[in-house]
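In what follows, a single structure is set out as structure tokens and then discussed.
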Amino acid sequence: MTSSLGWLRRRWAAKSAILMYHRVADPAGESDPWGLCVSPAHFAEQLAVLRECGTPLTLPALARSHERGEVPQGGVVLTFDDGYADNLHVAKPLLARHDVPATVFVTSGHVATEDELWWDELERLLLVPLRLPATLDLAIAGGMRHWDLGRAAVYADDDRRRDRGRRAWEGAPGSRHALYYAVWSLLLPLAARERRDVLDAIASWAGEPRRPRATHRVVRADELVELARGGLVDIGSHTVTHAMFPAQSAAAQAHELAESKAALEAILGAPITTFAYPHGERAPESPGLVRDAGFACACTVVAEPVWKGSGRYELPRFAVEDWGGDEFARRLTRWLQA
Ligand SMILES: [Zn+2]
């Protein structure tokens, strides 16, 4: 009885939607195994739809409403994860043109380095080179792993074309995508230093020097200031190292939260009050740790609308892909009614 009443309460409650983006960049011609790119043309169409079908809202404003138990019907919040530089150079001018606010969750440890985020670096090492050695042996998490690449040692233009729209987990057995996904899965729970060691080992095996791509970098400190200037975009934390919380101790999670908050506040001279869990993943203790670190709310990647019964430190979000305006309108309408 209680649960069906709960369902009814939720069914008829007012709802807002938080949307999750990563990069605004043309994916054509590049591999995008996680579907992180929305093209600038599609992003502009989506913003126009958003103005028609919803009410743009900032994440801090939604968090304040939620705290009062008043989630607005049809509110839409835009968020970007990771802090890619194209958020400043490509997305922000389009946000300004359509007067739509957004929150960018920045992985603070990348602000002072040119290094790519680790899944991009792995993509450059395993999904870009035309030829790789026939076998790969890696020491990961105390064990040895071995792969025979077989036909995947050579990655011809035809293979690359075929794989362009393919997601990381969709690779056929023995393919480059399957290798990428297998190594990615092993790197995911590692602490940043261990992951760095494995990436260095793969780079030397592949004969690829460390050569971060400018297209994939995270904002520098001066760009972060520029991104926040004017108040349309506010900055949130996404940890220091993009740590996957369930694989980390409570102390390590607390350190990631406090350090990233302090580092971003030192650059911006303003409080950082919003947070997004890397990969959307949290341990049972994580929401309390985020609250204790002084944040007002936190976002996951659970694909649901926000209503007054949502946890403020586990706010759900919908991932947006490279859809044109019509497809985006269909989905947004459905999301706001879910
Ligand atoms: Zn992320």
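Every chain in the structure tokens has a letter given in the order shown (A, B, ...), and although residue numbers restart at 1 in each chain, ligands are simply numbered from 1 in the order shown.
Summary of the local environment: counting only C-alpha atoms, residues at most 6 Å from stretch 149-160 of chain A, other than itself and those fewer than 5 positions away along its chain, are Leu130, Arg131, Leu132, Ala134, Thr135, Ser175 and Arg176 of chain A.
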Suppose we keep N, CA and C atoms; can you now write the selection as a PDB file, in the first residue's frame?
```pdb
ATOM      1  N   LEU A 130      47.569   2.552 -36.575  1.00  0.00           N
ATOM      2  CA  LEU A 130      47.235   1.608 -37.650  1.00  0.00           C
ATOM      3  C   LEU A 130      47.824   0.234 -37.377  1.00  0.00           C
ATOM      4  N   ARG A 131      48.937   0.216 -36.662  1.00  0.00           N
ATOM      5  CA  ARG A 131      49.595  -1.064 -36.425  1.00  0.00           C
ATOM      6  C   ARG A 131      50.081  -1.118 -34.978  1.00  0.00           C
ATOM      7  N   LEU A 132      49.858  -2.241 -34.305  1.00  0.00           N
ATOM      8  CA  LEU A 132      50.340  -2.449 -32.938  1.00  0.00           C
ATOM      9  C   LEU A 132      51.071  -3.789 -32.885  1.00  0.00           C
ATOM     10  N   ALA A 134      51.997  -7.690 -31.910  1.00  0.00           N
ATOM     11  CA  ALA A 134      51.065  -8.828 -32.000  1.00  0.00           C
ATOM     12  C   ALA A 134      50.524  -9.269 -30.640  1.00  0.00           C
ATOM     13  N   THR A 135      51.305  -9.055 -29.589  1.00  0.00           N
ATOM     14  CA  THR A 135      50.837  -9.471 -28.262  1.00  0.00           C
ATOM     15  C   THR A 135      51.037  -8.345 -27.261  1.00  0.00           C
ATOM     16  N   SER A 175      38.421  -7.801 -31.727  1.00  0.00           N
ATOM     17  CA  SER A 175      38.557  -6.514 -32.420  1.00  0.00           C
ATOM     18  C   SER A 175      39.315  -5.504 -31.553  1.00  0.00           C
ATOM     19  N   ARG A 176      39.710  -4.379 -32.184  1.00  0.00           N
ATOM     20  CA  ARG A 176      40.357  -3.310 -31.414  1.00  0.00           C
ATOM     21  C   ARG A 176      39.422  -2.791 -30.316  1.00  0.00           C
TER      22      ARG A 176
END
```
Interface rows for stretch 60-147 of chain A against stretch 10-28 of chain A: nearest pair, Å to one decimal, 6 Å, only C-alpha atoms, as a Markdown table:
```
| residue | atom | partner | partner_atom | distance |
| --- | --- | --- | --- | --- |
| A:Pro72 | CA | A:Ala14 | CA | 6.0 |
| A:Gln73 | CA | A:Ala14 | CA | 4.5 |
| A:Gly74 | CA | A:Ser16 | CA | 5.1 |
| A:Gly75 | CA | A:Ser16 | CA | 4.4 |
| A:Val76 | CA | A:Ala17 | CA | 4.9 |
| A:Val77 | CA | A:Ile18 | CA | 4.6 |
| A:Leu78 | CA | A:Leu19 | CA | 5.0 |
| A:Thr79 | CA | A:Met20 | CA | 5.0 |
| A:Phe80 | CA | A:Tyr21 | CA | 4.5 |
| A:Asp81 | CA | A:His22 | CA | 5.1 |
| A:Ala91 | CA | A:Val24 | CA | 6.0 |
```
Take the residues from that selection and put them in a file with C-alpha atoms, as an mmCIF file, in the first residue's frame.
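Here's the written file selection09.cif:
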```cif
data_model
loop_
_atom_site.group_PDB
_atom_site.id
_atom_site.type_symbol
_atom_site.label_atom_id
_atom_site.label_comp_id
_atom_site.auth_asym_id
_atom_site.auth_seq_id
_atom_site.Cartn_x
_atom_site.Cartn_y
_atom_site.Cartn_z
ATOM 1 C CA PRO A 72 9.482 23.204 -10.619
ATOM 2 C CA GLN A 73 7.565 21.390 -13.372
ATOM 3 C CA GLY A 74 9.458 21.498 -16.671
ATOM 4 C CA GLY A 75 12.708 22.886 -15.272
ATOM 5 C CA VAL A 76 15.756 21.830 -17.298
ATOM 6 C CA VAL A 77 19.338 22.019 -16.022
ATOM 7 C CA LEU A 78 22.332 21.575 -18.327
ATOM 8 C CA THR A 79 25.499 20.006 -16.948
ATOM 9 C CA PHE A 80 28.841 19.110 -18.528
ATOM 10 C CA ASP A 81 31.182 16.532 -17.004
ATOM 11 C CA ALA A 91 29.597 25.451 -25.977
#
```
Ligand 1: which residues are within 7 Å, counting only C-alpha atoms and all ligand atoms, as a list of chain:residue names? A:Asp81, A:Asp82, A:His238, A:His242, A:Pro278, A:His279
May I ask which of the residues A:Ile202, A:Leu127, A:Leu268, A:Leu257 is the closest one to A:Arg167, counting only C-alpha atoms? A:Leu127
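Rounded to one decimal, atom CA of A:Arg124 and atom CA of A:His177 lie 12.1 Å from each other.
Between A:Trp184 and the candidates A:Ala276, A:Ala319, A:Ala247, A:Leu126, the tightest atom-to-atom separation, counting only C-alpha atoms, involves A:Leu126.
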